[in-house]
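Note sheet for the following structure.
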Amino acid sequence: MNKHVTVGVDGSAESRAAARWAAQEAVLRQVPVRLVHAVDWLLDPVLPGVGRQDVDRWADRALAEASEELRRRHPRLDVTTRALSARPAAALAAEAADADLLVLGSRGLGGLVGFIVGSVAMSTLVATETPVVLVRPADDPDGPGTGSAAEVVIGLDIHEACDRVLAFAFEDADRRRCPLRAVHGWKMPAAYAYVPFADPDNERDIGRSITHMVDDTLLPWRHKFPEVAVTRTVFRGPAAERLVPAGQGAQLVVIGRRLRRSPLGVHLGSVAHAVLHHAAAPVAVIAHD
């Protein structure tokens with residue numbers, strides 16, 4: 001089965017940014033890009049006097065404009081389009097099933113407020129095991145954060161099965177010929193909360209031990225990708241504290257999402273939530289067991 005990069009397109013500025021980013025990624029991967037527009041005629045509100053044919057023409061125009069732009073930017077890129085009548089999250093998740101990557105846009109709020117991850121993007125994110133990248137409206141493959149000096153940043157959790165996350169981050173850094181920074185935040189064991197006067201030596205010992213564990217986790221991947229320059233940031237505190245600033249100017253921030261099949265609905269960890277809503281760089285979310 002031919003692999004490709006799938007991107008959700010709806011005519012918005014954020015979806016156009018996602019399409020541009022997806023095209024650049026498809027060129028790096030040497031695979032086609034597929035633009036997908038999905039609308040649920042029965043559920044999505046439509047203005048009075050606007051008929052089904054009007055909506056279909058608008059969808060076709062959004063896809064045509066996006067595909068024309070990508071072909072101008074990348075004349076050799078194989079670009080295909082699909083317009084679907086279905087619930088957008090379900091349609092995008094289904095389209096992602098045979099894709100290398102699913103790319104979606106997220107809306108910027110400006111200033112220090114962060115970004116909106118809309119209900120469609122969030123529902124799609126948790127409905128697929130395919131890696132998903134959320135792209136910000138200001139992201140531009142020809143703009144800042146795309147040079148070889150800009151890093152790929154990975155939020156590393158040594159307490160989870162992170163091979164799939166590490167593989168994605170190292171492969172992407174290798175394709176981009178850029179450095180990789182691993183960020184890991186740790187906290188003192190819960191038992192220390194009941195010790196009135198903690199020994200600073202114990203904290204230093206725990207910090208050194210965790211740093212060794214991070215290095216051991218990275219070592220086989222360093223050997224597998226010797227061309228990738230790797231640095232690591234290990235500190236005491238919430239991982240998002242360093243991941244969000246590290247994303248400023250990065251080519252990509254890579255985080256893991258533990259697969260959760262819960263009847264209570266969507267659930268993301270606090271680190272993923274913070275990074276998705278506040279990191280300025282595109283964010284890749286990798287599902288893992």
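How things are named: the first chain in the structure tokens is A, the next is B, and so on; residues count from 1 in each chain; ligands count from 1 in the order shown.
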
Those in region 156-288 of chain A with strand (DSSP E) from DSSP, as a ChimeraX atom specification: /A:180-186,230-236,252-258,283-288

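Nearest residue to Gly155 (chain A) among A:Ala91, A:Ala121, A:Ala182, A:Leu102 is A:Ala182, counting only C-alpha atoms.
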
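Of the residues listed (A:His212, A:Arg20, A:His278, A:Arg61), A:Arg20 shows the shortest atom-to-atom separation from Arg73 (chain A); distances use only C-alpha atoms.
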
Nearby residues (only C-alpha atoms) at most 12 Å from Ser209 (chain A), same-chain spacing under 6 positions excluded, as a PDB file with N, CA and C atoms, in the first residue's frame:
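Writing the result to out28.pdb gives the following:
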ATOM      1  N   ILE A 158      10.599   8.484  30.430  1.00  0.00           N
ATOM      2  CA  ILE A 158      11.332   7.218  30.579  1.00  0.00           C
ATOM      3  C   ILE A 158      10.519   6.168  31.327  1.00  0.00           C
ATOM      4  N   TRP A 186      11.365  15.632  35.958  1.00  0.00           N
ATOM      5  CA  TRP A 186      11.136  14.616  36.986  1.00  0.00           C
ATOM      6  C   TRP A 186      10.744  15.285  38.304  1.00  0.00           C
ATOM      7  N   MET A 188      10.415  14.521  42.774  1.00  0.00           N
ATOM      8  CA  MET A 188      10.852  13.692  43.889  1.00  0.00           C
ATOM      9  C   MET A 188       9.788  12.640  44.192  1.00  0.00           C
ATOM     10  N   ASN A 202      20.347  13.627  48.607  1.00  0.00           N
ATOM     11  CA  ASN A 202      19.404  12.656  48.046  1.00  0.00           C
ATOM     12  C   ASN A 202      18.817  13.166  46.726  1.00  0.00           C
ATOM     13  N   GLU A 203      18.470  14.464  46.706  1.00  0.00           N
ATOM     14  CA  GLU A 203      17.923  15.037  45.475  1.00  0.00           C
ATOM     15  C   GLU A 203      18.946  14.986  44.351  1.00  0.00           C
ATOM     16  N   ASP A 215      19.969   8.929  29.507  1.00  0.00           N
ATOM     17  CA  ASP A 215      21.073   8.622  28.587  1.00  0.00           C
ATOM     18  C   ASP A 215      20.985   7.189  28.090  1.00  0.00           C
ATOM     19  N   ASP A 216      20.643   6.250  28.988  1.00  0.00           N
ATOM     20  CA  ASP A 216      20.510   4.845  28.589  1.00  0.00           C
ATOM     21  C   ASP A 216      19.370   4.662  27.587  1.00  0.00           C
ATOM     22  N   VAL A 234      17.544  17.552  31.334  1.00  0.00           N
ATOM     23  CA  VAL A 234      16.925  16.801  32.424  1.00  0.00           C
ATOM     24  C   VAL A 234      16.847  17.735  33.623  1.00  0.00           C
ATOM     25  N   PHE A 235      15.682  17.893  34.193  1.00  0.00           N
ATOM     26  CA  PHE A 235      15.513  18.852  35.281  1.00  0.00           C
ATOM     27  C   PHE A 235      14.388  18.401  36.201  1.00  0.00           C
TER      28      PHE A 235
END

Quick one: everything within 10 Å of Arg164 (chain A), counting only C-alpha atoms, minus sequence neighbours fewer than 5 positions away in the same chain. Send it as an mmCIF file with N, CA, C and O atoms, in the first residue's frame.
data_model
loop_
_atom_site.group_PDB
_atom_site.id
_atom_site.type_symbol
_atom_site.label_atom_id
_atom_site.label_comp_id
_atom_site.auth_asym_id
_atom_site.auth_seq_id
_atom_site.Cartn_x
_atom_site.Cartn_y
_atom_site.Cartn_z
ATOM 1 N N PRO A 131 0.286 8.874 13.660
ATOM 2 C CA PRO A 131 0.835 10.136 14.185
ATOM 3 C C PRO A 131 0.084 11.339 13.627
ATOM 4 O O PRO A 131 -0.232 11.388 12.434
ATOM 5 N N ALA A 169 10.708 10.774 16.351
ATOM 6 C CA ALA A 169 11.529 11.979 16.529
ATOM 7 C C ALA A 169 12.885 11.831 15.851
ATOM 8 O O ALA A 169 13.347 12.760 15.163
ATOM 9 N N GLY A 256 4.305 12.075 23.272
ATOM 10 C CA GLY A 256 3.566 10.824 23.234
ATOM 11 C C GLY A 256 2.169 10.995 23.791
ATOM 12 O O GLY A 256 1.893 11.888 24.594
ATOM 13 N N ILE A 286 2.192 11.270 19.145
ATOM 14 C CA ILE A 286 2.414 9.870 18.753
ATOM 15 C C ILE A 286 1.718 8.961 19.755
ATOM 16 O O ILE A 286 2.074 8.953 20.951
ATOM 17 N N ALA A 287 0.756 8.197 19.298
ATOM 18 C CA ALA A 287 0.037 7.268 20.179
ATOM 19 C C ALA A 287 0.917 6.065 20.491
ATOM 20 O O ALA A 287 1.646 5.561 19.627
ATOM 21 N N HIS A 288 0.874 5.607 21.742
ATOM 22 C CA HIS A 288 1.632 4.421 22.131
ATOM 23 C C HIS A 288 0.891 3.700 23.243
ATOM 24 O O HIS A 288 0.052 4.283 23.935
ATOM 25 N N ASP A 289 1.205 2.417 23.424
ATOM 26 C CA ASP A 289 0.566 1.625 24.481
ATOM 27 C C ASP A 289 1.102 2.039 25.849
ATOM 28 O O ASP A 289 2.202 2.557 25.974
#

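Every protein or nucleic acid residue with an atom no more than 9 Å from Thr233 (chain A), counting only C-alpha atoms and leaving out same-chain residues fewer than 5 positions away, appears here: Arg181, Ala182, Val183, His184, Gly185, Thr211 and Arg242 of chain A.
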
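Using only C-alpha atoms, the smallest distance between any of A:Ala19, A:Leu63, A:Ala86, A:Val9 and Asp40 (chain A) comes from A:Ala86.
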
Could you pull the residues within 12 Å of region 243-246 of chain A, counting only C-alpha atoms, minus those fewer than 3 positions along the same chain, as a ChimeraX atom specification? /A:112,114,145,150-156,180-185,232-235,237-240,249-255,271-283

Let me make sure I understand: among A:Leu101, A:Ile206, A:Ala59, A:Leu268, which one has the smallest atom-to-atom distance to Glu129 (chain A) if we use only C-alpha atoms? A:Leu101
